[in-house]
Amino acid sequence: MNALEIRDLMVRYGDVLAVDRVSFAASEGEFVSLLGPSGCGKTTTLRCIAGLESASSGEIRIGATTVARDGHETPPEQRGVNMVFQSYAVWPHMTVFENVAYGLRTRGDSKAEIARRVAETLQLVGLSGFAERYGTELSGGQQQRVAVARAVITEPHLLLFDEPLSNLDAGLRERMRFELLALQRRLGRTSIYVTHDQQEAMAMSDRIILMDHGRIVQQGAPRDLYERPANLFAASFIGNANLLTGQVTAAHGEGRFTVRLGDDLELSALAARPGWTPDSQALVCIRPENISLDSAGFAATTTRVSYLGAMQSCEFAAGPLTLRADLPARTRITAGEHVRLHIDPASVVLVPET
Amino acid sequence: MNRVLLPWLLLPLLTLLVVVPVGFMFLGAFMSGALVDPEAHLTWEKVAAVYTTLPYLRTLASTLVIAGFVAVAAAVSGVILAWLISRTDLPAKATMETCIIAPLFLSPFVGAIAWLVLGSPKAGLLNVIAATLGASGPVINVATPAGIVLIMALYYVPYAYLTVAAALRNMDPALEEAAYLNGSGVFGTLLRVTLPAVRPSLISAFFFVFVLAAGTFAIPAVLDRSSQVRFLAVDVFQASATYPIDYGTSAAIGTLLFWISLVGVAAYRFAAMAARRFVTVTARGFRIRPVRLRAWRLPAVGLIAAYLALAIVLPYLALLYSAFARPGSSILAPELTLATARAVSTSREVAGATWNTLLVGIITPTLCVLLGLVVAYAVRRMRVRGAGALDFITMFSIAVPGIVFGTGVFWTYVLTPVYGTVWVLVLAFLAAYLPFAYRISDTALLQIDRALEEASALCGASHLRTLSRITLRLARPALLSAWIMVFIFAVREISAAVLLTSSDNIVLSVLSYNYLDYGDVPKAAVVGLLQTALLAVGVIAGRAIFRVKLSRQM
């Protein structure tokens, strides 16, 4: 049985369709990210799961219980889910202890039990010793931990995260990623994680659900999304790909093709979906890290070099083509230099426009 | 509570409270006599007389002119003070600001009594002192249009100050910094950038004070005992309280005042809307470098000190003198007497009025904040059907001056057993002050991040538990300040109270006015001081409670 199952979820605000026939499921213990640009419907979907937003139609099941169907909605407090908010929503009039204990007090646990569980949970998130502080006396990272502690202590069927790291500065954000993931693995709670940060989604998720304009564009493991983008949007949103228009010149079966870029650059390419025929136009996705210098390659002129420390981001002109490549930092290269480039054939992917 | 049911409960209640009295006033304007009079019938006569004949039109003109001058004076002072506080290196700014807004917490009516003591042409203390110093004739006469304008402006400056100061605070400092970098000096920047940017808020302050001033009863009624200066609010009272009593004409003048207010409030809202466009603030940590006043520092401090002296210090010294000095004794070294104080403190009338004032002063804010909160919650959080109508009716009474409400409530309840009890005052005050309680509650709810309530629901808390443990706790400081604000209003209110008074529901302000009417200024002063003491206790107690709660909030 799936921990969460959503079927044909629609949310309409007046004439605007915020969520359009979204269906997906999450299995027990899975970490699923909803990824997409702002306004893509990911947060609305999450809030529907929580019961904070009403579905216009569709069905949501948490475990064996149907919590939303045909306008009948279980109120959020009865769904057995909990959420970490973007703003943390740490109650400023309560201490850390009171914040974390709130859910247990609400369901009427004994005092001793509450004290024990809160201490345990604060230890889990690394906030032992902060119990008597008020929420507003904490740093952003600490408030974040309070929010996490408050959410996990009620042992929810689903843990929901609404862009929890977006208010932290870059260094802390990266550290919290791994902490959150480690915590989720330890507790084994099914988690739905909303983010617009593709790196965050890639680093944390078992599975990414990529959304745009209220619809699911593609779902799969991070590696699938990166290596086999389903369309132009997926290819451009995840990673910083070269997207070039090419001409299919030959089909070799099993999803292997030859494409021509520009005037005379012939490359072998893979396609996730069938349907390409020779002479058809195709969008070709080439990741910048798959382009390298190779004396046996095709000729190009270096037009720009940005040294970034760990690597250098370069731009090349090859006939009418412009290609971006990430080269190792130790490679000596200057703008204007004539070079020869090689593209790893296993990483050239044909992508449909839509 | 149900989203559909709640408006059906609130709409009739608010209509009864706010709309019906205004409707009854209009009905009264077309009646030949009071509703108790069996021979009363519908007639055009009174309305026609008030709207078309000269004595009333002259009163209308003088009301508009006086209110206009008051509004200009308050707005100009407001903008100067606001600029000094928010843009210069004035010393002890917090204290200075407290001095500027302190008159808000006091009663303009009591201030007017004090200025009567200070500045009446013959016996006024200032004139007596001037005469002993060799001046011939009075140096100040408050019983003139100029005197009335001056005293009103004194008490309405804080309103203008607060409006303009908010606009200055919310202005992006980069606007002024850009002017400096483009070569404008302090004065050029002020003239070409700062003032134009706050112009809409200045206009909205003008109309706010204009509406307040046009509906003022206490100050002209007290200062000009012989009613040489005509004023609509005073005429509303005199038509219904002095011989020959004419309730119809009183109501008809009330409707005239109502229209002025309505137009003024419409203009105010329009200007306030325009002012919002200039709010460019983002949460930025830096503040514009203050303008150095240098040699102007002393005059600036002097200006604020003078304001404090005129609005508070001199008036209360005068009241104390009037209350405790033996009549006829020297002003600078008076002989003290407790005779008046003793007479007042043993008076059963005063005890009754104190009790009534307390009763009204506690019941009104409690009901008012409760109702304001329920409406705000229904409109803002539950998004009930008819939210727009609820909002409109609740805010409607901001356009109704106190004396107009008094007239309306009189016509509405005169035939009911409520009339003549303190409850009729509560009904009038509740309606008049509901917009303030509602606005503050609304802002408080608006400032509570919805996620704070949603987090509670996701922790398993019911709607009611979330409301009591999260929403109300977080709104509590704002609700308390709303309570204190309405408490102040209710304790010092006179214009509606004076129309609805009876021997059973007389409050301190009305009692003081009555003493004044009998010519007993010392007793009026003592009762005024008593009322001020009551206000002070309320404000100080409230502040003490606040501090406790706020230290946790901050």
# chains A, B, ... in the order shown; residues from 1 in each chain; ligands from 1
>>> interface_residues(of="chain B", to="chain A", cutoff="6 Å", atoms="only C-alpha atoms", output="NGL selection string")
:B and (451-452 or 457-461)
>>> residues_around(residues="Ala55 in chain A", least_positions_apart="2", cutoff="6 Å", atoms="only C-alpha atoms", output="PyMOL selection string")
chain A and resi 10-11+57
>>> residues_around(residues="range 391-405 of chain B", least_positions_apart="4", cutoff="9 Å", atoms="only C-alpha atoms", output="PyMOL selection string")
chain B and resi 11+14-15+18-19+21-22+25+211-212+214-217+233-234+236-237+251+253-255+257-266+372+375-376+379+386-387+409-410+428-429+431-436+438-439+493-499
>>> write_last_selection(atoms="C-alpha atoms", output="mmCIF file, in the first residue's frame")
data_model
loop_
_atom_site.group_PDB
_atom_site.id
_atom_site.type_symbol
_atom_site.label_atom_id
_atom_site.label_comp_id
_atom_site.auth_asym_id
_atom_site.auth_seq_id
_atom_site.Cartn_x
_atom_site.Cartn_y
_atom_site.Cartn_z
ATOM 1 C CA LEU B 11 -25.298 41.898 9.871
ATOM 2 C CA LEU B 14 -24.367 45.847 13.259
ATOM 3 C CA THR B 15 -27.255 47.360 11.327
ATOM 4 C CA VAL B 18 -24.859 51.611 13.477
ATOM 5 C CA VAL B 19 -27.348 52.160 10.671
ATOM 6 C CA PRO B 21 -29.707 55.324 14.744
ATOM 7 C CA VAL B 22 -28.634 57.328 11.692
ATOM 8 C CA MET B 25 -32.136 60.751 13.041
ATOM 9 C CA VAL B 211 -13.992 65.905 10.069
ATOM 10 C CA LEU B 212 -12.996 65.710 13.725
ATOM 11 C CA ALA B 214 -16.383 69.989 12.285
ATOM 12 C CA GLY B 215 -18.101 67.522 14.621
ATOM 13 C CA THR B 216 -16.577 68.882 17.826
ATOM 14 C CA PHE B 217 -19.022 69.932 20.467
ATOM 15 C CA ALA B 233 -22.509 70.644 16.848
ATOM 16 C CA VAL B 234 -23.330 73.233 19.494
ATOM 17 C CA VAL B 236 -27.577 70.386 17.644
ATOM 18 C CA PHE B 237 -27.268 70.351 21.416
ATOM 19 C CA ALA B 251 -32.062 66.222 14.169
ATOM 20 C CA ILE B 253 -28.926 70.102 11.924
ATOM 21 C CA GLY B 254 -27.533 66.676 12.779
ATOM 22 C CA THR B 255 -28.221 65.483 9.222
ATOM 23 C CA LEU B 257 -23.386 67.709 10.023
ATOM 24 C CA PHE B 258 -23.635 64.102 8.866
ATOM 25 C CA TRP B 259 -23.289 65.111 5.194
ATOM 26 C CA ILE B 260 -20.222 67.247 5.943
ATOM 27 C CA SER B 261 -18.615 64.336 7.730
ATOM 28 C CA LEU B 262 -19.481 61.917 4.969
ATOM 29 C CA VAL B 263 -17.891 64.101 2.303
ATOM 30 C CA GLY B 264 -14.858 64.727 4.537
ATOM 31 C CA VAL B 265 -14.351 61.033 5.214
ATOM 32 C CA ALA B 266 -14.716 60.222 1.521
ATOM 33 C CA GLY B 372 -14.578 44.314 16.490
ATOM 34 C CA VAL B 375 -16.158 40.988 12.720
ATOM 35 C CA ALA B 376 -12.458 41.122 11.831
ATOM 36 C CA VAL B 379 -14.050 39.094 7.414
ATOM 37 C CA GLY B 386 -21.164 39.282 2.905
ATOM 38 C CA ALA B 387 -17.704 40.166 4.247
ATOM 39 C CA VAL B 409 -29.566 57.047 19.468
ATOM 40 C CA PHE B 410 -31.923 59.456 21.228
ATOM 41 C CA ALA B 428 -24.076 55.069 21.390
ATOM 42 C CA PHE B 429 -20.368 54.713 22.279
ATOM 43 C CA ALA B 431 -21.365 52.181 17.581
ATOM 44 C CA ALA B 432 -19.154 55.275 17.510
ATOM 45 C CA TYR B 433 -15.936 53.482 18.490
ATOM 46 C CA LEU B 434 -16.443 50.164 16.731
ATOM 47 C CA PRO B 435 -14.370 51.232 13.680
ATOM 48 C CA PHE B 436 -11.295 51.775 15.863
ATOM 49 C CA TYR B 438 -12.293 46.716 14.324
ATOM 50 C CA ARG B 439 -9.342 48.317 12.505
ATOM 51 C CA GLU B 493 -16.769 61.277 25.614
ATOM 52 C CA ILE B 494 -19.153 64.158 26.035
ATOM 53 C CA SER B 495 -20.936 65.054 22.799
ATOM 54 C CA ALA B 496 -23.184 61.982 22.595
ATOM 55 C CA ALA B 497 -23.449 61.714 26.378
ATOM 56 C CA VAL B 498 -24.692 65.249 26.822
ATOM 57 C CA LEU B 499 -27.654 64.540 24.522
#
>>> atom_distance(atom1="CA of Met176 in chain A", atom2="CA of Asp206 in chain A")
17.2 Å
>>> closest_residue(among="A:His196, A:Gly214, A:Phe97, A:Glu73", to="Asp8 in chain A", atoms="only C-alpha atoms")
A:Gly214
>>> residues_around(residues="Trp296 in chain B", least_positions_apart="6", cutoff="12 Å", atoms="only C-alpha atoms", output="PyMOL selection string")
chain B and resi 84+88-91+302-303
>>> write_last_selection(atoms="N, CA and C atoms", output="PDB file, in the first residue's frame")
ATOM      1  N   LEU B  84      10.787  67.018  12.118  1.00  0.00           N
ATOM      2  CA  LEU B  84      11.785  67.168  13.174  1.00  0.00           C
ATOM      3  C   LEU B  84      12.093  65.825  13.826  1.00  0.00           C
ATOM      4  N   THR B  88      15.657  64.666  11.729  1.00  0.00           N
ATOM      5  CA  THR B  88      16.726  65.517  12.250  1.00  0.00           C
ATOM      6  C   THR B  88      17.412  64.881  13.456  1.00  0.00           C
ATOM      7  N   ASP B  89      18.456  65.556  13.931  1.00  0.00           N
ATOM      8  CA  ASP B  89      19.192  65.052  15.092  1.00  0.00           C
ATOM      9  C   ASP B  89      18.678  65.683  16.381  1.00  0.00           C
ATOM     10  N   LEU B  90      17.361  65.867  16.436  1.00  0.00           N
ATOM     11  CA  LEU B  90      16.725  66.396  17.644  1.00  0.00           C
ATOM     12  C   LEU B  90      17.099  65.501  18.829  1.00  0.00           C
ATOM     13  N   PRO B  91      17.454  66.088  20.000  1.00  0.00           N
ATOM     14  CA  PRO B  91      17.802  65.228  21.136  1.00  0.00           C
ATOM     15  C   PRO B  91      16.558  64.570  21.755  1.00  0.00           C
ATOM     16  N   GLY B 302      12.474  74.090  21.756  1.00  0.00           N
ATOM     17  CA  GLY B 302      11.583  75.093  22.326  1.00  0.00           C
ATOM     18  C   GLY B 302      10.172  74.985  21.773  1.00  0.00           C
ATOM     19  N   LEU B 303      10.075  74.702  20.469  1.00  0.00           N
ATOM     20  CA  LEU B 303       8.775  74.575  19.829  1.00  0.00           C
ATOM     21  C   LEU B 303       7.954  73.452  20.465  1.00  0.00           C
TER      22      LEU B 303
END
>>> closest_residue(among="B:Thr163, B:Leu358, B:Thr59, B:Leu373", to="Phe487 in chain B", atoms="only C-alpha atoms")
B:Leu358
>>> closest_residue(among="B:Leu415, B:Leu104, B:Leu232, B:Leu319", to="Pro158 in chain B", atoms="only C-alpha atoms")
B:Leu104
>>> select_by_dssp(residues="range 111-248 of chain A", states="strand (DSSP E)", output="PyMOL selection string")
chain A and resi 158-162+190-195+207-212+215-220+242-248
>>> select_by_dssp(residues="range 296-503 of chain B", states="alpha helix (DSSP H)", output="JSON, numbers by chain")
{"B": [297, 298, 299, 300, 301, 302, 303, 304, 305, 306, 307, 308, 314, 315, 316, 317, 318, 319, 320, 321, 322, 323, 324, 339, 340, 341, 342, 343, 344, 345, 346, 348, 349, 350, 351, 352, 353, 354, 355, 356, 357, 358, 359, 360, 361, 362, 363, 364, 365, 366, 367, 368, 369, 370, 371, 372, 373, 374, 375, 376, 387, 388, 389, 390, 391, 392, 393, 394, 395, 396, 402, 403, 404, 405, 406, 407, 408, 409, 410, 411, 412, 413, 422, 423, 424, 425, 426, 427, 428, 429, 430, 431, 432, 433, 434, 435, 436, 437, 438, 439, 440, 441, 442, 443, 444, 445, 446, 447, 450, 451, 452, 453, 454, 455, 456, 457, 458, 463, 464, 465, 466, 472, 473, 474, 475, 476, 477, 478, 479, 480, 481, 482, 483, 484, 485, 486, 487, 488, 489, 490, 491, 492, 495, 496, 497, 498, 499]}
